[in-house]
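*Asks:* Dropping in run-v1.csv, which is CSV, C-alpha atoms:
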chain,number,residue,atom,x,y,z
A,1,MET,CA,96.3,97.0,83.8
A,2,THR,CA,98.1,95.5,80.9
A,3,THR,CA,97.7,92.1,79.4
A,4,THR,CA,98.3,90.3,76.2
A,5,THR,CA,97.1,89.7,72.7
A,6,THR,CA,96.3,86.4,71.0
A,7,THR,CA,98.0,87.1,67.8
A,8,PRO,CA,100.1,84.2,66.4
A,9,ALA,CA,103.3,86.1,67.1
A,10,MET,CA,102.5,86.2,70.8
A,11,THR,CA,101.1,82.8,71.5
A,12,GLU,CA,103.5,81.1,69.1
A,13,THR,CA,100.5,78.9,68.0
A,14,PRO,CA,97.9,79.5,65.3
A,15,THR,CA,94.8,81.3,66.7
A,16,SER,CA,92.7,78.4,65.3
A,17,LYS,CA,91.8,75.9,68.1
A,18,PRO,CA,92.8,73.7,69.6
A,19,ARG,CA,95.7,75.7,70.9
A,20,ARG,CA,98.9,74.0,72.1
A,21,PRO,CA,98.3,73.6,75.8
A,22,ALA,CA,99.6,76.6,77.8
A,23,VAL,CA,101.2,76.1,81.2
A,24,PRO,CA,101.3,78.5,84.1
A,25,ARG,CA,104.5,80.5,84.1
A,26,ASN,CA,105.8,83.6,86.0
A,27,GLY,CA,103.0,83.2,88.4
A,28,VAL,CA,100.5,83.8,85.5
A,29,ASP,CA,97.8,81.3,85.1
A,30,THR,CA,98.2,81.2,81.4
A,31,PRO,CA,95.5,78.6,80.6
A,32,THR,CA,93.0,80.8,82.5
A,33,LEU,CA,94.3,83.9,80.7
A,34,PHE,CA,93.7,82.3,77.3
A,35,ALA,CA,90.3,81.0,78.4
A,36,THR,CA,89.4,84.6,79.6
A,37,ILE,CA,90.4,86.0,76.2
A,38,ASP,CA,88.3,83.4,74.5
A,39,ALA,CA,85.3,84.1,76.7
A,40,VAL,CA,85.5,87.8,75.9
A,41,ARG,CA,85.9,87.1,72.2
A,42,ALA,CA,82.7,85.0,72.3
A,43,GLN,CA,80.7,87.6,74.4
A,44,ARG,CA,82.0,91.1,73.7
A,45,GLU,CA,79.9,92.8,76.4
A,46,LEU,CA,82.0,91.1,79.1
A,47,ALA,CA,84.8,93.6,78.1
A,48,ARG,CA,83.1,96.6,79.6
A,49,PHE,CA,84.8,97.5,82.9
A,50,GLN,CA,84.4,100.5,85.2
A,51,PHE,CA,87.0,101.4,87.8
A,52,ARG,CA,86.5,103.8,90.7
A,53,ALA,CA,88.2,105.7,93.5
A,54,THR,CA,86.6,107.8,96.1
A,55,ASN,CA,88.5,110.6,97.8
A,56,ARG,CA,88.0,112.6,101.0
A,57,TRP,CA,89.9,115.8,101.8
A,58,ILE,CA,91.6,115.8,105.2
A,59,GLN,CA,93.3,119.2,105.5
A,60,GLY,CA,95.7,121.3,103.5
A,61,THR,CA,96.8,119.4,100.4
A,62,HIS,CA,96.3,116.0,102.2
A,63,SER,CA,93.5,113.7,101.0
A,64,LYS,CA,92.8,110.0,101.2
A,65,SER,CA,91.4,107.8,98.4
A,66,ARG,CA,89.6,104.5,98.9
A,67,ILE,CA,89.7,101.9,96.1
A,68,GLU,CA,87.2,99.1,96.8
A,69,SER,CA,84.7,98.1,94.1
A,70,PHE,CA,84.6,97.9,90.3
A,71,PHE,CA,82.3,96.6,87.6
A,72,GLY,CA,83.4,94.2,84.9
A,73,ALA,CA,82.5,91.0,83.0
A,74,GLY,CA,78.8,91.9,83.5
A,75,THR,CA,78.8,92.2,87.3
A,76,GLU,CA,80.0,94.1,90.3
A,77,HIS,CA,83.2,93.1,92.1
A,78,ALA,CA,84.9,93.9,95.4
A,79,HIS,CA,88.6,93.9,95.7
A,80,ALA,CA,90.1,91.3,98.1
A,81,ALA,CA,90.8,94.3,100.4
A,82,ALA,CA,89.5,97.9,100.4
A,83,ASN,CA,92.7,99.9,100.2
A,84,GLU,CA,93.2,103.5,101.2
A,85,TYR,CA,96.0,105.8,99.9
A,86,ASP,CA,97.1,109.1,101.3
A,87,ALA,CA,98.4,111.9,99.0
A,88,ASP,CA,99.9,115.2,99.9
A,89,HIS,CA,102.4,117.8,98.9
A,90,PRO,CA,105.9,117.8,100.5
A,91,ALA,CA,107.1,120.7,102.6
A,92,VAL,CA,108.9,122.3,99.7
A,93,LEU,CA,105.5,122.5,98.0
A,94,VAL,CA,103.9,123.8,101.2
A,95,GLY,CA,102.3,120.5,102.2
A,96,SER,CA,102.7,118.2,105.2
A,97,ASP,CA,104.0,115.2,103.3
A,98,HIS,CA,101.5,112.7,104.6
A,99,GLY,CA,102.0,110.8,101.4
A,100,PRO,CA,103.4,111.0,97.9
A,101,THR,CA,102.2,113.7,95.5
A,102,PRO,CA,99.4,112.8,93.0
A,103,VAL,CA,101.8,112.9,90.1
A,104,GLU,CA,104.0,110.2,91.8
A,105,PHE,CA,101.1,107.9,91.8
A,106,LEU,CA,100.9,108.3,88.0
A,107,LEU,CA,104.5,107.1,87.7
A,108,HIS,CA,103.7,104.1,90.0
A,109,ALA,CA,100.7,103.3,87.8
A,110,LEU,CA,102.8,103.4,84.6
A,111,ALA,CA,105.5,101.1,86.1
A,112,ALA,CA,103.0,98.6,87.4
A,113,CYS,CA,101.0,98.5,84.2
A,114,LEU,CA,104.0,97.8,82.0
A,115,THR,CA,105.3,95.3,84.5
A,116,ALA,CA,102.0,93.3,84.7
A,117,GLY,CA,102.0,93.2,80.9
A,118,ILE,CA,105.6,92.0,80.7
A,119,ALA,CA,104.7,89.0,83.0
A,120,ASN,CA,101.5,88.1,81.1
A,121,ILE,CA,103.1,88.4,77.7
A,122,ALA,CA,106.2,86.5,78.7
A,123,ALA,CA,104.0,83.7,80.1
A,124,ALA,CA,102.0,83.6,76.9
A,125,ARG,CA,105.2,83.3,74.9
A,126,GLY,CA,106.7,80.6,77.0
A,127,VAL,CA,109.3,82.9,78.5
A,128,THR,CA,110.3,82.4,82.1
A,129,LEU,CA,111.2,85.7,83.9
A,130,THR,CA,113.6,86.0,86.8
A,131,GLU,CA,113.6,89.7,87.4
A,132,VAL,CA,111.8,92.9,86.3
A,133,GLU,CA,112.7,96.2,87.8
A,134,SER,CA,112.0,99.7,86.6
A,135,THR,CA,112.5,103.3,87.5
A,136,VAL,CA,110.1,105.8,86.1
A,137,VAL,CA,110.8,109.6,86.3
A,138,GLY,CA,108.8,112.5,85.3
A,139,ASP,CA,110.1,116.1,84.8
A,140,ILE,CA,107.8,119.0,85.6
A,141,ASP,CA,108.3,122.7,85.6
A,142,ILE,CA,106.0,124.0,88.3
A,143,GLN,CA,105.8,127.5,86.8
A,144,GLY,CA,102.8,126.2,85.0
A,145,LEU,CA,100.8,125.1,88.0
A,146,LEU,CA,101.9,128.0,90.1
A,147,GLY,CA,100.4,130.3,87.4
A,148,LEU,CA,103.8,132.0,86.7
A,149,SER,CA,103.9,131.2,83.0
A,150,GLY,CA,101.3,130.8,80.3
A,151,GLU,CA,103.8,128.9,78.2
A,152,VAL,CA,104.6,126.1,80.7
A,153,ARG,CA,102.1,123.2,81.0
A,154,ASN,CA,100.8,122.1,84.3
A,155,GLY,CA,101.8,118.5,84.1
A,156,PHE,CA,104.9,116.5,83.2
A,157,GLU,CA,106.9,117.6,80.2
A,158,ARG,CA,108.2,114.1,79.7
A,159,ILE,CA,108.3,110.8,81.4
A,160,ARG,CA,111.2,108.3,81.1
A,161,ALA,CA,110.9,104.6,82.1
A,162,SER,CA,114.0,102.4,82.3
A,163,PHE,CA,113.6,98.7,82.7
A,164,ARG,CA,115.9,95.9,83.7
A,165,ILE,CA,114.6,92.5,82.6
A,166,ARG,CA,116.2,89.1,83.2
A,167,GLY,CA,114.8,85.8,82.1
A,168,GLU,CA,115.5,82.5,80.4
A,169,ALA,CA,115.4,83.9,76.9
A,170,PRO,CA,117.7,85.9,74.6
A,171,PRO,CA,117.8,89.7,75.3
A,172,GLU,CA,116.1,90.3,72.0
A,173,LYS,CA,113.1,88.2,73.0
A,174,LEU,CA,112.9,90.0,76.4
A,175,ARG,CA,112.9,93.4,74.5
A,176,GLU,CA,110.1,92.2,72.3
A,177,VAL,CA,108.0,91.3,75.4
A,178,LEU,CA,108.5,94.8,76.8
A,179,GLU,CA,107.5,96.3,73.4
A,180,GLN,CA,104.3,94.3,73.3
A,181,SER,CA,103.5,95.3,76.8
A,182,ARG,CA,103.9,98.9,75.8
A,183,ALA,CA,101.7,98.4,72.8
A,184,ARG,CA,98.9,97.0,75.0
A,185,SER,CA,99.3,99.1,78.2
A,186,ALA,CA,96.2,100.9,79.4
A,187,VAL,CA,98.2,103.4,81.5
A,188,PHE,CA,100.7,104.1,78.7
A,189,ASP,CA,97.7,104.8,76.4
A,190,VAL,CA,96.1,107.1,78.9
A,191,ILE,CA,99.2,109.2,79.4
A,192,THR,CA,100.5,109.3,75.8
A,193,ASN,CA,97.1,109.8,74.3
A,194,GLN,CA,94.3,111.9,75.7
A,195,VAL,CA,91.3,110.8,77.8
A,196,PRO,CA,88.4,113.2,78.2
A,197,ILE,CA,87.5,114.1,81.8
A,198,GLU,CA,84.0,115.3,82.8
A,199,ILE,CA,83.8,117.1,86.1
A,200,THR,CA,80.5,117.7,87.9
A,201,VAL,CA,80.0,119.4,91.3
A,202,ASP,CA,77.5,119.6,94.1
A,203,ALA,CA,78.6,122.8,95.9
A,204,GLY,CA,76.8,124.3,98.8
B,1,MET,CA,100.0,118.2,92.6
B,2,THR,CA,97.9,121.2,92.1
B,3,THR,CA,98.3,124.6,93.5
B,4,THR,CA,97.3,128.2,92.8
B,5,THR,CA,97.9,131.2,90.7
B,6,THR,CA,98.6,134.7,91.8
B,7,THR,CA,96.3,136.5,89.4
B,8,PRO,CA,94.3,139.3,91.0
B,9,ALA,CA,91.1,137.2,90.5
B,10,MET,CA,92.5,134.5,92.7
B,11,THR,CA,94.1,136.4,95.5
B,12,GLU,CA,91.6,139.2,95.5
B,13,THR,CA,94.5,141.6,95.9
B,14,PRO,CA,96.5,143.3,93.3
B,15,THR,CA,99.7,141.4,92.4
B,16,SER,CA,101.8,144.5,93.3
B,17,LYS,CA,103.3,144.3,96.7
B,18,PRO,CA,102.7,144.6,99.5
B,19,ARG,CA,99.9,142.1,99.5
B,20,ARG,CA,97.0,142.2,102.0
B,21,PRO,CA,98.3,139.8,104.7
B,22,ALA,CA,97.2,136.2,104.0
B,23,VAL,CA,96.3,134.0,106.9
B,24,PRO,CA,96.5,130.2,107.1
B,25,ARG,CA,93.2,128.5,106.2
B,26,ASN,CA,92.0,125.0,105.4
B,27,GLY,CA,95.3,123.7,106.8
B,28,VAL,CA,97.1,125.6,104.1
B,29,ASP,CA,100.0,127.8,105.2
B,30,THR,CA,98.8,130.5,102.8
B,31,PRO,CA,101.6,133.0,103.7
B,32,THR,CA,104.2,130.4,102.9
B,33,LEU,CA,102.4,129.4,99.7
B,34,PHE,CA,102.5,133.0,98.5
B,35,ALA,CA,106.2,133.4,99.6
B,36,THR,CA,107.0,130.2,97.6
B,37,ILE,CA,105.3,131.6,94.5
B,38,ASP,CA,107.3,134.8,94.9
B,39,ALA,CA,110.5,132.9,95.4
B,40,VAL,CA,110.0,130.9,92.2
B,41,ARG,CA,109.0,134.1,90.3
B,42,ALA,CA,112.3,135.6,91.3
B,43,GLN,CA,114.4,132.5,90.5
B,44,ARG,CA,112.8,130.5,87.8
B,45,GLU,CA,115.2,127.6,87.9
B,46,LEU,CA,113.7,126.6,91.3
B,47,ALA,CA,110.6,125.5,89.3
B,48,ARG,CA,112.3,122.4,87.9
B,49,PHE,CA,111.1,119.2,89.7
B,50,GLN,CA,111.6,115.6,89.0
B,51,PHE,CA,109.4,112.9,90.6
B,52,ARG,CA,110.3,109.2,90.6
B,53,ALA,CA,108.9,105.7,91.3
B,54,THR,CA,110.9,102.5,91.3
B,55,ASN,CA,109.0,99.2,90.8
B,56,ARG,CA,109.9,95.6,91.3
B,57,TRP,CA,108.0,92.7,89.8
B,58,ILE,CA,106.9,90.1,92.4
B,59,GLN,CA,104.9,87.5,90.5
B,60,GLY,CA,102.1,87.2,88.0
B,61,THR,CA,100.6,90.7,87.6
B,62,HIS,CA,101.7,91.7,91.1
B,63,SER,CA,104.4,94.4,91.5
B,64,LYS,CA,105.4,96.9,94.1
B,65,SER,CA,106.5,100.5,93.7
B,66,ARG,CA,108.6,102.5,96.1
B,67,ILE,CA,108.2,106.3,96.2
B,68,GLU,CA,111.0,107.9,98.2
B,69,SER,CA,113.1,110.8,96.7
B,70,PHE,CA,112.5,113.7,94.3
B,71,PHE,CA,114.4,116.7,93.0
B,72,GLY,CA,113.0,120.2,93.2
B,73,ALA,CA,113.8,123.8,94.1
B,74,GLY,CA,117.5,123.1,93.2
B,75,THR,CA,118.1,120.2,95.4
B,76,GLU,CA,117.3,116.5,96.3
B,77,HIS,CA,114.6,115.8,98.8
B,78,ALA,CA,113.4,112.7,100.6
B,79,HIS,CA,109.8,112.2,101.5
B,80,ALA,CA,109.0,112.0,105.2
B,81,ALA,CA,108.5,108.3,104.7
B,82,ALA,CA,109.4,106.0,101.9
B,83,ASN,CA,106.1,104.5,100.8
B,84,GLU,CA,105.5,101.3,98.9
B,85,TYR,CA,102.4,100.4,96.9
B,86,ASP,CA,101.3,97.1,95.6
B,87,ALA,CA,99.4,96.8,92.3
B,88,ASP,CA,97.9,93.7,90.8
B,89,HIS,CA,95.0,92.5,88.6
B,90,PRO,CA,91.9,91.1,90.3
B,91,ALA,CA,90.8,87.5,89.8
B,92,VAL,CA,88.4,88.3,87.0
B,93,LEU,CA,91.5,89.7,85.1
B,94,VAL,CA,93.5,86.6,86.0
B,95,GLY,CA,95.5,88.2,88.8
B,96,SER,CA,95.8,87.6,92.5
B,97,ASP,CA,94.3,91.0,93.7
B,98,HIS,CA,97.3,91.9,96.0
B,99,GLY,CA,96.4,95.5,95.3
B,100,PRO,CA,94.4,97.8,93.0
B,101,THR,CA,95.0,97.8,89.3
B,102,PRO,CA,97.3,100.4,87.8
B,103,VAL,CA,94.4,102.3,86.2
B,104,GLU,CA,92.8,102.7,89.6
B,105,PHE,CA,95.9,104.5,90.9
B,106,LEU,CA,95.4,107.0,88.0
B,107,LEU,CA,91.9,107.8,89.3
B,108,HIS,CA,93.3,108.2,92.8
B,109,ALA,CA,95.9,110.6,91.5
B,110,LEU,CA,93.3,112.7,89.7
B,111,ALA,CA,91.0,113.0,92.7
B,112,ALA,CA,93.9,113.8,95.0
B,113,CYS,CA,95.4,116.5,92.6
B,114,LEU,CA,92.1,118.3,92.1
B,115,THR,CA,91.4,118.1,95.9
B,116,ALA,CA,94.8,119.6,96.8
B,117,GLY,CA,94.2,122.4,94.4
B,118,ILE,CA,90.7,123.1,95.8
B,119,ALA,CA,92.2,123.5,99.3
B,120,ASN,CA,95.1,125.7,98.1
B,121,ILE,CA,92.9,127.9,95.9
B,122,ALA,CA,90.2,128.3,98.5
B,123,ALA,CA,92.8,129.3,101.1
B,124,ALA,CA,94.2,131.9,98.7
B,125,ARG,CA,90.8,133.3,98.1
B,126,GLY,CA,89.9,133.4,101.7
B,127,VAL,CA,87.3,130.6,101.5
B,128,THR,CA,87.0,128.2,104.5
B,129,LEU,CA,86.2,124.7,103.4
B,130,THR,CA,84.3,122.2,105.6
B,131,GLU,CA,84.1,119.2,103.2
B,132,VAL,CA,85.5,118.0,99.9
B,133,GLU,CA,84.6,114.6,98.7
B,134,SER,CA,84.8,113.1,95.2
B,135,THR,CA,84.2,109.9,93.2
B,136,VAL,CA,86.2,109.4,90.1
B,137,VAL,CA,85.2,106.6,87.7
B,138,GLY,CA,86.9,105.4,84.5
B,139,ASP,CA,85.2,103.4,81.8
B,140,ILE,CA,87.4,100.9,79.8
B,141,ASP,CA,86.6,98.3,77.2
B,142,ILE,CA,89.2,95.6,77.6
B,143,GLN,CA,88.9,94.3,74.1
B,144,GLY,CA,91.7,96.8,73.4
B,145,LEU,CA,94.2,95.5,75.8
B,146,LEU,CA,93.3,91.9,75.2
B,147,GLY,CA,94.1,92.4,71.6
B,148,LEU,CA,90.5,91.5,70.5
B,149,SER,CA,89.9,94.7,68.6
B,150,GLY,CA,92.0,97.1,66.6
B,151,GLU,CA,89.3,99.8,67.0
B,152,VAL,CA,89.2,99.9,70.8
B,153,ARG,CA,91.9,101.8,72.7
B,154,ASN,CA,93.8,100.2,75.5
B,155,GLY,CA,93.0,102.8,78.2
B,156,PHE,CA,90.0,104.6,79.6
B,157,GLU,CA,87.5,105.8,77.0
B,158,ARG,CA,86.3,108.5,79.5
B,159,ILE,CA,86.7,109.6,83.1
B,160,ARG,CA,84.1,111.3,85.2
B,161,ALA,CA,84.8,113.0,88.5
B,162,SER,CA,81.9,114.2,90.7
B,163,PHE,CA,82.7,116.5,93.6
B,164,ARG,CA,80.8,117.5,96.7
B,165,ILE,CA,82.1,120.7,98.2
B,166,ARG,CA,80.9,122.4,101.3
B,167,GLY,CA,82.3,125.6,102.8
B,168,GLU,CA,81.7,129.1,104.1
B,169,ALA,CA,81.0,130.6,100.7
B,170,PRO,CA,78.2,130.7,98.2
B,171,PRO,CA,77.9,127.7,95.9
B,172,GLU,CA,79.1,129.8,92.9
B,173,LYS,CA,82.3,130.7,94.6
B,174,LEU,CA,83.0,127.0,95.5
B,175,ARG,CA,82.4,126.1,91.9
B,176,GLU,CA,84.9,128.7,90.8
B,177,VAL,CA,87.5,127.2,93.2
B,178,LEU,CA,87.0,123.8,91.6
B,179,GLU,CA,87.2,125.3,88.1
B,180,GLN,CA,90.5,127.0,88.9
B,181,SER,CA,91.9,123.8,90.4
B,182,ARG,CA,91.0,122.0,87.2
B,183,ALA,CA,92.7,124.8,85.2
B,184,ARG,CA,96.0,124.3,87.2
B,185,SER,CA,96.0,120.6,87.9
B,186,ALA,CA,99.1,118.6,86.9
B,187,VAL,CA,97.2,115.3,86.7
B,188,PHE,CA,94.3,116.7,84.8
B,189,ASP,CA,96.8,118.0,82.3
B,190,VAL,CA,98.6,114.7,82.0
B,191,ILE,CA,95.4,112.8,81.4
B,192,THR,CA,93.6,115.2,79.1
B,193,ASN,CA,96.7,116.2,77.1
B,194,GLN,CA,99.5,113.9,76.1
B,195,VAL,CA,102.9,113.4,77.7
B,196,PRO,CA,105.7,111.7,75.8
B,197,ILE,CA,107.1,108.5,77.4
B,198,GLU,CA,110.5,107.2,76.6
B,199,ILE,CA,111.2,103.6,77.5
B,200,THR,CA,114.7,102.1,77.7
B,201,VAL,CA,115.6,98.5,78.6
B,202,ASP,CA,118.5,96.6,79.9
B,203,ALA,CA,117.6,93.0,78.9
B,204,GLY,CA,119.7,89.9,79.5
Turn the structure described in the file into structure tokens.

*Replies:*
Amino acid sequence: MTTTTTTPAMTETPTSKPRRPAVPRNGVDTPTLFATIDAVRAQRELARFQFRATNRWIQGTHSKSRIESFFGAGTEHAHAAANEYDADHPAVLVGSDHGPTPVEFLLHALAACLTAGIANIAAARGVTLTEVESTVVGDIDIQGLLGLSGEVRNGFERIRASFRIRGEAPPEKLREVLEQSRARSAVFDVITNQVPIEITVDAG
Amino acid sequence: MTTTTTTPAMTETPTSKPRRPAVPRNGVDTPTLFATIDAVRAQRELARFQFRATNRWIQGTHSKSRIESFFGAGTEHAHAAANEYDADHPAVLVGSDHGPTPVEFLLHALAACLTAGIANIAAARGVTLTEVESTVVGDIDIQGLLGLSGEVRNGFERIRASFRIRGEAPPEKLREVLEQSRARSAVFDVITNQVPIEITVDAG
């Protein structure tokens, strides 16, 4: 989930109203995007969102998550469809490979967040995109999670994302769009900074 | 991706060989799990893994990732199936809701990683599980990513995971299994600690 800012540098208009009329671009409803930002600016409690996933163990390292409802802008919402996602370990990690590993879903989340931000920010800046592709890779030394080393962390040591962006703007402007997406990306923030996780359990 | 350690506390046998024979449990091939850990202990370079996702922008905030190949244990691997995952923003966030938001995939990843670890560790400890369910929620104030506040972060402020675990063991033992899963979880580590992300771009 990545979107845009309303600084003058981004919208290319002063933030004082009336704004120069924005037009939909890149499949982004830019007028509605700006109206949404204005609505949240006027009523800050609309900015509180809560996202959710429920998960059920199937067997071995295979489980299935369901993503269905969320709270935001003062009310409950249901996604257009309730989606389910399998996760597992591959055979080389003693699983049955009924789906990607959990860490691969992190890479998907990062790519999708930065890409959504690129589309939004390009639209806000009047840049028409023709292509955005990315590959995200994460390196992990599994001595950590296997408990074979106290020096090796459990998770990724590093993540690298490489983007290919084409659009009707000079390369420098496209690079600036990516940079602004990074600066406003929720997933980039979660992974590069830390988020506290509280775990509770009903065991019986 | 979460698995187990081989400390005496976990396996309930001394780490010196021969081990008391392990038996498959919870759908986990426990003998192969222990053999895998021994193989990595003997040849540390097998522990190097690289996971990958490729993503393609479709339109607006909608993109699609493909998860197909990975490197590990000294060689390239292909998943049993090449899976594709849509991500989007919902209407209230000016998207078309063709899939969950990127941040929801993070919650799925966390639930799936902790759950895989629970199954592995329970099997290693001789605990038969009957049920593992979880709900993971993340709270986010979107003033950050909308650029409406310099004080609010872009990503989740906090994440809470609640587990329900049932099995043929006292509640205290089930809680210890969860705690060990947390202590060895790759996704828990990524989210609660920080991982550096390098971004490169080919823009034109």

*Asks:* Counting all atoms listed in the file, what is within 7 Å of B:Phe163, bar same-chain residues fewer than 6 positions away, as a ChimeraX atom specification?

*Replies:* /A:200-202 /B:133-135

*Asks:* Do you have the atom CA of A:Ile67-atom CA of A:Ala53 distance handy?

*Replies:* 4.8 Å

*Asks:* With a distance cut-off of 9 Å and all atoms listed in the file, select the neighbouring residues of A:Ser181, excluding the residue or stretch itself and same-chain residues fewer than 2 positions from it, and output the selection as number ranges by chain.

*Replies:* A: 2-4, 113-121, 176-179, 183-185

*Asks:* Next, write the just-selected residues to a file, as a CSV table (one decimal), keeping the file's coordinate frame, keeping C-alpha atoms as the atom set.

*Replies:*
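part-v1.csv, written as the output of this step:
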chain,number,residue,atom,x,y,z
A,2,THR,CA,98.1,95.5,80.9
A,3,THR,CA,97.7,92.1,79.4
A,4,THR,CA,98.3,90.3,76.2
A,113,CYS,CA,101.0,98.5,84.2
A,114,LEU,CA,104.0,97.8,82.0
A,115,THR,CA,105.3,95.3,84.5
A,116,ALA,CA,102.0,93.3,84.7
A,117,GLY,CA,102.0,93.2,80.9
A,118,ILE,CA,105.6,92.0,80.7
A,119,ALA,CA,104.7,89.0,83.0
A,120,ASN,CA,101.5,88.1,81.1
A,121,ILE,CA,103.1,88.4,77.7
A,176,GLU,CA,110.1,92.2,72.3
A,177,VAL,CA,108.0,91.3,75.4
A,178,LEU,CA,108.5,94.8,76.8
A,179,GLU,CA,107.5,96.3,73.4
A,183,ALA,CA,101.7,98.4,72.8
A,184,ARG,CA,98.9,97.0,75.0
A,185,SER,CA,99.3,99.1,78.2

*Asks:* Would you kindly return, as a count of residues only, each protein, DNA or RNA residue with an atom no farther than 9 Å from any atom of stretch 189-194 of chain A, considering only C-alpha atoms and excluding same-chain residues fewer than 3 positions away?

*Replies:* 21

*Asks:* Give the answer as one residue: which of B:Ala73, B:Ile159, B:Ala203, B:Ala80 has the shortest atom-to-atom distance to A:Gly95, using all atoms listed in the file?

*Replies:*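 Among the listed residues, B:Ala80 lies closest to A:Gly95.
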
*Asks:* For B:Gly74, list every protein, DNA or RNA residue within 9 Å, evaluated using only C-alpha atoms, and leave out those in the same chain fewer than 4 positions away; present the list as a list in words.

*Replies:*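 Once the adjacent positions are removed, what remains is Glu45, Leu46, Ala47, Arg48 and Phe49 of chain B.
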
*Asks:* Enter the distance from atom CA of A:Gln143 to atom CA of B:Ile165, in Å, rounded to one decimal.

*Replies:* 27.2 Å

*Asks:* What would stretch 121-126 of chain A look like with all heavy atoms restored, written as a PDB file, in the frame of the given file?

*Replies:*
ATOM      1  N   ILE A 121     102.659  88.647  79.062  1.00  0.00           N
ATOM      2  CA  ILE A 121     103.100  88.400  77.700  1.00  0.00           C
ATOM      3  C   ILE A 121     104.227  87.362  77.668  1.00  0.00           C
ATOM      4  O   ILE A 121     104.257  86.462  76.825  1.00  0.00           O
ATOM      5  CB  ILE A 121     103.465  89.701  76.987  1.00  0.00           C
ATOM      6  CG1 ILE A 121     102.179  90.528  76.781  1.00  0.00           C
ATOM      7  CG2 ILE A 121     104.175  89.452  75.666  1.00  0.00           C
ATOM      8  CD1 ILE A 121     102.410  92.000  76.561  1.00  0.00           C
ATOM      9  N   ALA A 122     105.142  87.490  78.619  1.00  0.00           N
ATOM     10  CA  ALA A 122     106.200  86.500  78.700  1.00  0.00           C
ATOM     11  C   ALA A 122     105.618  85.099  78.924  1.00  0.00           C
ATOM     12  O   ALA A 122     106.029  84.131  78.272  1.00  0.00           O
ATOM     13  CB  ALA A 122     107.188  86.847  79.830  1.00  0.00           C
ATOM     14  N   ALA A 123     104.642  84.994  79.828  1.00  0.00           N
ATOM     15  CA  ALA A 123     104.000  83.700  80.100  1.00  0.00           C
ATOM     16  C   ALA A 123     103.364  83.154  78.815  1.00  0.00           C
ATOM     17  O   ALA A 123     103.503  81.980  78.471  1.00  0.00           O
ATOM     18  CB  ALA A 123     102.986  83.817  81.203  1.00  0.00           C
ATOM     19  N   ALA A 124     102.662  84.033  78.110  1.00  0.00           N
ATOM     20  CA  ALA A 124     102.000  83.600  76.900  1.00  0.00           C
ATOM     21  C   ALA A 124     102.973  83.137  75.830  1.00  0.00           C
ATOM     22  O   ALA A 124     102.672  82.271  75.016  1.00  0.00           O
ATOM     23  CB  ALA A 124     101.132  84.749  76.342  1.00  0.00           C
ATOM     24  N   ARG A 125     104.171  83.689  75.844  1.00  0.00           N
ATOM     25  CA  ARG A 125     105.200  83.300  74.900  1.00  0.00           C
ATOM     26  C   ARG A 125     106.124  82.224  75.344  1.00  0.00           C
ATOM     27  O   ARG A 125     107.109  81.916  74.687  1.00  0.00           O
ATOM     28  CB  ARG A 125     105.994  84.577  74.472  1.00  0.00           C
ATOM     29  CG  ARG A 125     105.166  85.626  73.762  1.00  0.00           C
ATOM     30  CD  ARG A 125     105.991  86.812  73.316  1.00  0.00           C
ATOM     31  NE  ARG A 125     105.145  87.779  72.615  1.00  0.00           N
ATOM     32  CZ  ARG A 125     105.590  88.830  71.932  1.00  0.00           C
ATOM     33  NH1 ARG A 125     106.887  89.060  71.855  1.00  0.00           N
ATOM     34  NH2 ARG A 125     104.756  89.647  71.318  1.00  0.00           N
ATOM     35  N   GLY A 126     105.830  81.716  76.532  1.00  0.00           N
ATOM     36  CA  GLY A 126     106.700  80.600  77.000  1.00  0.00           C
ATOM     37  C   GLY A 126     107.989  81.079  77.598  1.00  0.00           C
ATOM     38  O   GLY A 126     108.932  80.279  77.708  1.00  0.00           O
TER      39      GLY A 126
END
